[in-house]
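For reference, the structure discussed in these notes is given below.
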Amino acid sequence: MMPAGEERTAPAPCADDTLPISLSKVGKSFPGPNGARLEVLRDIDLAVKEHSIVGLLGASGAGKSTLLNIIAGIVKPDRGRVCICGARSDELNDWCAASYMFQDDRLLPWRTAVRNVEFALEASATPKAERVRRAREAFRLVGLDTFEDAFPYQLSGGMRSRVALARSLVTEPKILLMDEPFSRLDAQTRSHLHGELLRIHSLMAMTVVFVTHDVEEAVLLADEVVVMSPRPGTIREIVPIAPSRPRDPIEPEVAAYIRRLRALI
Amino acid sequence: MAEMIEQGALALPQRRGIRFGVLLERLSLVAGLVTIWWLLSFSAPPYVLPGPQRVWSALSIIAAHGDLWRNLGITFWRVALGFVLATIIGLPFGIVLGANRRLGEFFEPVLPVLNTVSSAIWAIFAIIWFGISNATTIFVVFMTAMPLIITNVWQGTRAVNADFIELARVLRMPDWKIMAKIYLPTILPYFFSGARLAFGFGWRVSLVAETIGSSSGVGYRLRQAADLVRTDQVFAWTLTMVVLMAALEMGVLSPLERHLFRWKKEAEA
Ligand SMILES: Nc1ncnc2c1ncn2[C@@H]1O[C@H](COP(=O)(O)OP(=O)(O)OP(=O)(O)O)[C@@H](O)[C@H]1O
Ligand SMILES: [Mg+2]
């Protein structure tokens, strides 16, 4: 533990840090249910290289969502430094826009599916016609084009998460944060969307951080898999995945990674 | 594709077919009530319970003189003005009280008190302050409608989902857009039900106010007819009001509500 005086020092400037996402010594506690402090993250050091895909793997309650929230700038860390494209996370610059697909879909119930996708473009002054065009495009991407005008309550769980995915892709973000993006999908749709994600990733060259419980998914998609251990959440190990994509879980090399990670978590 | 068929079903809720049946039911209900009224009217003198024909001819006379529409018009615009003023004051107040915890806690006790003050008391104050004038009725409608609108809008601001605000913040939406795109749609159903309640109450209390504090309007005419023991005219005015309210409710408010809130999931019976 650091001495008490050092804990609250102002974060060092990020100017020398050009990585899209860079965390050092990040810690976070929440007030727990019984009044005691609940330490959720401790000493998180994470450097995400440009255009790479990072998978966060860990048990439920390990602090994965909290970590994404910190990167997205929604949750303030108690200590440590968070830099996004060379800026502190609370002063994000527009050219390094991040997009966040939350663990819950957060569709606005009063908007149709396609209007929910448009919502992501409404923060900026994108003209209506272009918003509609891009929203429909994103819709086709996730394979939902026949449900554009349905309200969220008329969609299944898997459809809803695909709308949320379309909403996070429609802004063509430089950084894409995804919290269990495919966990509610059937195996077939999931592997289709894995392919789509990899295609979009190489097309738009964005940086991706995603959370998953599925070891195979992590190994198939990620350049690096970050394994977290719970209470307090710390990084147990960072495993680079060497084989080139697309990967097949039957290949012995890939299968070896899957076995190794299964043993780790 | 199965998805396409489902889509077709989604786009057209099955309301059309049911509606015609409902209309028939309503019509037979009205016919039944009128028949009972007609039969009952034989058992009492006309100044106690005038029959349908008598009331109809009283109504024709009032309508022929232009009396009907003039007084309905006067009452309507008084109610509308009081209601609009209540909305202009109540909507922003409700939002501010909801958005600011301290202000909200400070004013919390005021609303239940306002809500329990009888409209008759407001009417008496109005006469003391404004005398026999339009302002009396408008004031009573305003004082009745305003607390209802504030209460409902306030409740609406509490229902705003913090997760949606977070979503908008990550997208770096400016505050005024968050207001327009998250707060307003959340508050709208609450505002709507408050406004509806307030408008209905407004109509009712406007009559009370007009009977004591006005020299025109439906309420004034009602009292005049009662003073002259013209029960047929009392019935005629009452009937007109009831029909008007029902038409407004079924013709405007209900369809508007159904359209505005079509995104709400309806619980299956
Ligand atoms: N806003 C909050 N207030 C208090 N406690 C919180 C808050 N957010 C998260 N926690 C706590 O922090 C811990 C980690 O939560 P987090 O959501 O980050 O876990 P997770 O790794 O995403 O789990 P899962 O895989 O189940 O989604 C949990 O014990 C949770 O109770
Ligand atoms: Mg989580």
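Starting from 1 in every chain, residues are counted up; chains themselves are A, B, ... following the order of the structure tokens, and ligands are numbered from 1 as listed.
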Met178 (chain A) surroundings by only C-alpha atoms, 6 Å radius, close-in-sequence under 2 positions cut, as a VMD selection string: chain A and resid 100 to 101 181 210
Report as a PyMOL selection string which protein, DNA and RNA residues come within 12 Å of ligand 1, using only C-alpha atoms and all ligand atoms. (chain A and resi 27-42+56-70+74-77+102-104+178-181+183+210-214+227-235) or (chain B and resi 162-163)
Proximal residues of chain B relative to chain A (only C-alpha atoms; 9 Å) as an mmCIF file with C-alpha atoms, in the first residue's frame:
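What landed in out-v9.cif:
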data_model
loop_
_atom_site.group_PDB
_atom_site.id
_atom_site.type_symbol
_atom_site.label_atom_id
_atom_site.label_comp_id
_atom_site.auth_asym_id
_atom_site.auth_seq_id
_atom_site.Cartn_x
_atom_site.Cartn_y
_atom_site.Cartn_z
ATOM 1 C CA GLU B 3 -38.940 -12.187 -39.540
ATOM 2 C CA MET B 4 -40.807 -10.365 -42.304
ATOM 3 C CA GLN B 7 -42.672 -7.367 -38.798
ATOM 4 C CA LEU B 10 -45.830 -5.544 -35.382
ATOM 5 C CA ALA B 11 -46.640 -2.628 -37.638
ATOM 6 C CA ASP B 163 -28.278 4.963 -17.079
ATOM 7 C CA PHE B 164 -29.692 6.871 -20.034
ATOM 8 C CA GLU B 166 -24.766 8.145 -18.621
ATOM 9 C CA LEU B 167 -25.245 6.868 -22.164
ATOM 10 C CA ALA B 168 -25.790 10.415 -23.419
ATOM 11 C CA ARG B 169 -22.766 11.685 -21.501
ATOM 12 C CA VAL B 170 -20.487 9.064 -23.029
ATOM 13 C CA LEU B 171 -21.732 10.238 -26.428
ATOM 14 C CA ARG B 172 -20.834 13.722 -25.188
ATOM 15 C CA MET B 173 -24.278 15.104 -25.686
ATOM 16 C CA PRO B 174 -24.659 18.698 -24.474
ATOM 17 C CA LYS B 177 -29.944 17.904 -25.738
ATOM 18 C CA LYS B 181 -33.984 13.806 -25.666
ATOM 19 C CA ILE B 182 -33.991 12.045 -22.278
ATOM 20 C CA PRO B 185 -39.684 11.951 -23.219
ATOM 21 C CA THR B 186 -39.505 10.477 -19.703
ATOM 22 C CA PHE B 261 -47.176 6.324 -25.857
ATOM 23 C CA ARG B 262 -47.388 3.529 -28.398
ATOM 24 C CA TRP B 263 -43.880 2.512 -27.328
ATOM 25 C CA LYS B 264 -45.194 1.304 -23.981
ATOM 26 C CA LYS B 265 -45.596 -2.373 -23.534
#
Please identify the helix (DSSP H, G or I) residues within region 34-141 of chain A (assignment by DSSP from backbone atoms) and present them as JSON, numbers by chain. {"A": [64, 65, 66, 67, 68, 69, 70, 71, 72, 89, 90, 91, 94, 95, 96, 113, 114, 115, 116, 117, 118, 119, 128, 129, 130, 131, 132, 133, 134, 135, 136, 137, 138, 139, 140, 141]}
Can you list, as a ChimeraX atom specification, every residue of region 42-242 of chain A that DSSP puts in strand (DSSP E or B)? /A:42-48,53-58,79-84,87-88,98-101,175-179,207-212,224-229,233-240
So that I can see what lies close to Asn115 (chain B), please list as a VMD selection string the residues with an atom at most 12 Å from it, counting only C-alpha atoms and leaving out residues fewer than 2 positions away in the same chain. chain B and resid 109 to 113 117 to 119 121 to 122 143 to 151 198 201
Keeping only N, CA, C and O atoms, write the selected residues to a file as an mmCIF file, in the first residue's frame.
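Final output, out27.cif:
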data_model
loop_
_atom_site.group_PDB
_atom_site.id
_atom_site.type_symbol
_atom_site.label_atom_id
_atom_site.label_comp_id
_atom_site.auth_asym_id
_atom_site.auth_seq_id
_atom_site.Cartn_x
_atom_site.Cartn_y
_atom_site.Cartn_z
ATOM 1 N N PRO B 109 -43.735 20.094 1.312
ATOM 2 C CA PRO B 109 -45.010 20.138 2.045
ATOM 3 C C PRO B 109 -46.071 21.017 1.386
ATOM 4 O O PRO B 109 -47.246 20.893 1.708
ATOM 5 N N VAL B 110 -45.653 21.898 0.476
ATOM 6 C CA VAL B 110 -46.619 22.864 -0.069
ATOM 7 C C VAL B 110 -47.673 22.186 -0.943
ATOM 8 O O VAL B 110 -48.858 22.504 -0.860
ATOM 9 N N LEU B 111 -47.230 21.231 -1.760
ATOM 10 C CA LEU B 111 -48.150 20.653 -2.743
ATOM 11 C C LEU B 111 -49.337 19.905 -2.132
ATOM 12 O O LEU B 111 -50.475 20.157 -2.530
ATOM 13 N N PRO B 112 -49.091 18.998 -1.158
ATOM 14 C CA PRO B 112 -50.256 18.330 -0.569
ATOM 15 C C PRO B 112 -51.243 19.329 0.021
ATOM 16 O O PRO B 112 -52.463 19.132 -0.091
ATOM 17 N N VAL B 113 -50.736 20.409 0.597
ATOM 18 C CA VAL B 113 -51.628 21.434 1.159
ATOM 19 C C VAL B 113 -52.460 22.070 0.049
ATOM 20 O O VAL B 113 -53.684 22.129 0.114
ATOM 21 N N VAL B 117 -56.819 21.986 -0.642
ATOM 22 C CA VAL B 117 -57.705 23.143 -0.527
ATOM 23 C C VAL B 117 -58.851 22.980 -1.522
ATOM 24 O O VAL B 117 -58.625 22.775 -2.711
ATOM 25 N N SER B 118 -60.064 23.040 -1.029
ATOM 26 C CA SER B 118 -61.224 22.826 -1.892
ATOM 27 C C SER B 118 -61.351 23.953 -2.918
ATOM 28 O O SER B 118 -61.013 25.107 -2.656
ATOM 29 N N SER B 119 -61.827 23.605 -4.091
ATOM 30 C CA SER B 119 -62.014 24.604 -5.139
ATOM 31 C C SER B 119 -63.020 25.672 -4.711
ATOM 32 O O SER B 119 -62.936 26.825 -5.138
ATOM 33 N N ILE B 121 -63.212 27.012 -1.848
ATOM 34 C CA ILE B 121 -62.474 28.037 -1.097
ATOM 35 C C ILE B 121 -61.760 28.989 -2.056
ATOM 36 O O ILE B 121 -61.791 30.209 -1.889
ATOM 37 N N TRP B 122 -61.146 28.399 -3.110
ATOM 38 C CA TRP B 122 -60.516 29.264 -4.119
ATOM 39 C C TRP B 122 -61.551 30.183 -4.759
ATOM 40 O O TRP B 122 -61.268 31.351 -5.031
ATOM 41 N N MET B 143 -55.754 27.532 -9.972
ATOM 42 C CA MET B 143 -55.341 27.036 -8.666
ATOM 43 C C MET B 143 -55.619 25.551 -8.487
ATOM 44 O O MET B 143 -54.971 24.880 -7.699
ATOM 45 N N THR B 144 -56.596 25.038 -9.213
ATOM 46 C CA THR B 144 -56.889 23.613 -9.120
ATOM 47 C C THR B 144 -55.929 22.792 -9.987
ATOM 48 O O THR B 144 -55.451 21.737 -9.584
ATOM 49 N N ALA B 145 -55.646 23.313 -11.199
ATOM 50 C CA ALA B 145 -54.857 22.541 -12.163
ATOM 51 C C ALA B 145 -53.361 22.577 -11.852
ATOM 52 O O ALA B 145 -52.659 21.581 -12.020
ATOM 53 N N MET B 146 -52.882 23.731 -11.382
ATOM 54 C CA MET B 146 -51.434 23.921 -11.243
ATOM 55 C C MET B 146 -50.772 22.893 -10.312
ATOM 56 O O MET B 146 -49.778 22.282 -10.706
ATOM 57 N N PRO B 147 -51.290 22.694 -9.089
ATOM 58 C CA PRO B 147 -50.633 21.707 -8.218
ATOM 59 C C PRO B 147 -50.644 20.294 -8.804
ATOM 60 O O PRO B 147 -49.677 19.545 -8.630
ATOM 61 N N LEU B 148 -51.703 19.965 -9.525
ATOM 62 C CA LEU B 148 -51.770 18.635 -10.140
ATOM 63 C C LEU B 148 -50.665 18.464 -11.171
ATOM 64 O O LEU B 148 -49.995 17.432 -11.226
ATOM 65 N N ILE B 149 -50.461 19.506 -11.986
ATOM 66 C CA ILE B 149 -49.437 19.420 -13.026
ATOM 67 C C ILE B 149 -48.048 19.381 -12.392
ATOM 68 O O ILE B 149 -47.209 18.549 -12.755
ATOM 69 N N ILE B 150 -47.816 20.250 -11.404
ATOM 70 C CA ILE B 150 -46.504 20.235 -10.742
ATOM 71 C C ILE B 150 -46.222 18.863 -10.137
ATOM 72 O O ILE B 150 -45.153 18.290 -10.343
ATOM 73 N N THR B 151 -47.192 18.329 -9.412
ATOM 74 C CA THR B 151 -46.980 17.035 -8.756
ATOM 75 C C THR B 151 -46.589 15.963 -9.761
ATOM 76 O O THR B 151 -45.632 15.205 -9.558
ATOM 77 N N ALA B 198 -55.957 17.507 -14.676
ATOM 78 C CA ALA B 198 -56.135 18.929 -14.401
ATOM 79 C C ALA B 198 -57.212 19.526 -15.293
ATOM 80 O O ALA B 198 -58.016 20.346 -14.852
ATOM 81 N N PHE B 201 -60.658 18.320 -13.983
ATOM 82 C CA PHE B 201 -60.974 19.057 -12.765
ATOM 83 C C PHE B 201 -61.324 20.499 -13.111
ATOM 84 O O PHE B 201 -62.249 21.077 -12.552
#
Neighbours of Tyr47 (chain B) within 12 Å (only C-alpha atoms; same-chain residues fewer than 3 positions away dropped), as a PyMOL selection string? chain B and resi 41-44+50-51+54-55+225-235
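The space separating CA of Ala256 (chain A) from CA of Val215 (chain A) comes to 11.7 Å.
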Give me the residues near Leu188 (chain B) as a short mmCIF file (atom, residue, chain, number, x, y, z; two decimals) with C-alpha atoms, in the first residue's frame, where near means some atom within 8 Å (using only C-alpha atoms) and where sequence neighbours in that chain fewer than 4 positions away do not count.
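Wrote part.cif, looks like this:
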data_model
loop_
_atom_site.label_atom_id
_atom_site.label_comp_id
_atom_site.auth_asym_id
_atom_site.auth_seq_id
_atom_site.Cartn_x
_atom_site.Cartn_y
_atom_site.Cartn_z
CA GLY B 156 -41.74 12.35 -13.87
CA LEU B 184 -38.66 15.35 -21.82
CA PHE B 192 -49.91 14.01 -19.88
#
If you measure from CA of Phe139 (chain B) to CA of Ala99 (chain B), what distance in Å do you get, rounded to one decimal?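 It comes out at 27.6 Å.
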Name the residues in contact with region 192-196 of chain A at a cut-off of 8 Å, using only C-alpha atoms, excluding same-chain residues fewer than 6 positions from it; report them as a list in words. Leu141, Val142 and Leu221 of chain A
Excluding region 65-79 of chain B and residues on its chain fewer than 6 positions from it, collect all residues at most 12 Å away from it, counting only C-alpha atoms, and give them as JSON, numbers by chain. {"B": [58, 59, 85, 86, 133, 134, 135, 136, 137, 138, 139, 140, 141, 142, 143, 144, 145, 198, 199, 200, 201, 202, 203, 204, 205, 206, 207, 208, 209, 210, 211, 214, 215, 216, 217, 218, 219, 220, 221, 222, 233, 236, 237, 238, 239, 240, 241, 244, 245, 248]}
Would you save the residues of that selection, restricted to C-alpha atoms, as a PDB file, in the first residue's frame?
ATOM      1  CA  ALA B  58     -85.274  23.086 -24.346  1.00  0.00           C
ATOM      2  CA  LEU B  59     -81.893  22.329 -25.904  1.00  0.00           C
ATOM      3  CA  LEU B  85     -51.415  29.267 -17.353  1.00  0.00           C
ATOM      4  CA  ALA B  86     -51.217  26.286 -14.998  1.00  0.00           C
ATOM      5  CA  SER B 133     -65.284  38.723 -13.785  1.00  0.00           C
ATOM      6  CA  ASN B 134     -63.495  36.295 -16.083  1.00  0.00           C
ATOM      7  CA  ALA B 135     -60.506  36.345 -13.754  1.00  0.00           C
ATOM      8  CA  THR B 136     -62.521  34.612 -11.022  1.00  0.00           C
ATOM      9  CA  THR B 137     -63.141  31.462 -13.034  1.00  0.00           C
ATOM     10  CA  ILE B 138     -59.683  31.488 -14.592  1.00  0.00           C
ATOM     11  CA  PHE B 139     -58.104  31.798 -11.153  1.00  0.00           C
ATOM     12  CA  VAL B 140     -60.074  28.874  -9.732  1.00  0.00           C
ATOM     13  CA  VAL B 141     -59.183  26.650 -12.688  1.00  0.00           C
ATOM     14  CA  PHE B 142     -55.559  27.724 -12.398  1.00  0.00           C
ATOM     15  CA  MET B 143     -55.341  27.036  -8.666  1.00  0.00           C
ATOM     16  CA  THR B 144     -56.889  23.613  -9.120  1.00  0.00           C
ATOM     17  CA  ALA B 145     -54.857  22.541 -12.163  1.00  0.00           C
ATOM     18  CA  ALA B 198     -56.135  18.929 -14.401  1.00  0.00           C
ATOM     19  CA  PHE B 199     -58.252  19.652 -17.463  1.00  0.00           C
ATOM     20  CA  GLY B 200     -61.089  17.474 -16.209  1.00  0.00           C
ATOM     21  CA  PHE B 201     -60.974  19.057 -12.765  1.00  0.00           C
ATOM     22  CA  GLY B 202     -60.762  22.456 -14.427  1.00  0.00           C
ATOM     23  CA  TRP B 203     -64.024  21.892 -16.290  1.00  0.00           C
ATOM     24  CA  ARG B 204     -65.833  20.850 -13.157  1.00  0.00           C
ATOM     25  CA  VAL B 205     -64.616  23.650 -10.922  1.00  0.00           C
ATOM     26  CA  SER B 206     -65.177  26.232 -13.641  1.00  0.00           C
ATOM     27  CA  LEU B 207     -68.904  25.577 -13.314  1.00  0.00           C
ATOM     28  CA  VAL B 208     -68.763  26.067  -9.551  1.00  0.00           C
ATOM     29  CA  ALA B 209     -66.881  29.303 -10.033  1.00  0.00           C
ATOM     30  CA  GLU B 210     -69.280  30.531 -12.686  1.00  0.00           C
ATOM     31  CA  THR B 211     -72.385  29.883 -10.607  1.00  0.00           C
ATOM     32  CA  SER B 214     -69.847  35.250 -13.190  1.00  0.00           C
ATOM     33  CA  SER B 215     -72.598  36.731 -15.316  1.00  0.00           C
ATOM     34  CA  SER B 216     -72.023  34.465 -18.285  1.00  0.00           C
ATOM     35  CA  GLY B 217     -70.922  30.928 -19.081  1.00  0.00           C
ATOM     36  CA  VAL B 218     -72.480  27.530 -18.617  1.00  0.00           C
ATOM     37  CA  GLY B 219     -72.271  27.648 -14.805  1.00  0.00           C
ATOM     38  CA  TYR B 220     -74.107  30.976 -14.702  1.00  0.00           C
ATOM     39  CA  ARG B 221     -76.799  29.650 -17.056  1.00  0.00           C
ATOM     40  CA  LEU B 222     -77.188  26.543 -14.919  1.00  0.00           C
ATOM     41  CA  GLN B 233     -82.887  23.668 -19.173  1.00  0.00           C
ATOM     42  CA  ALA B 236     -80.072  20.470 -21.365  1.00  0.00           C
ATOM     43  CA  TRP B 237     -76.955  22.287 -20.147  1.00  0.00           C
ATOM     44  CA  THR B 238     -75.762  19.300 -18.154  1.00  0.00           C
ATOM     45  CA  LEU B 239     -76.251  16.947 -21.070  1.00  0.00           C
ATOM     46  CA  THR B 240     -74.323  19.219 -23.406  1.00  0.00           C
ATOM     47  CA  MET B 241     -71.394  19.350 -21.012  1.00  0.00           C
ATOM     48  CA  LEU B 244     -68.732  17.501 -24.887  1.00  0.00           C
ATOM     49  CA  MET B 245     -66.421  16.031 -22.246  1.00  0.00           C
ATOM     50  CA  LEU B 248     -63.092  15.391 -26.035  1.00  0.00           C
TER      51      LEU B 248
END
To one decimal place in Å, what is the distance between CA of Glu217 (chain A) and CA of Gly86 (chain A)?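 Distance between the two atoms: 29.9 Å.
Nearest-residue note for Ala123 (chain B): choosing from B:Gly213, B:Trp56, B:Gln224, B:Ser28, the minimum distance belongs to B:Gly213, counting only C-alpha atoms.
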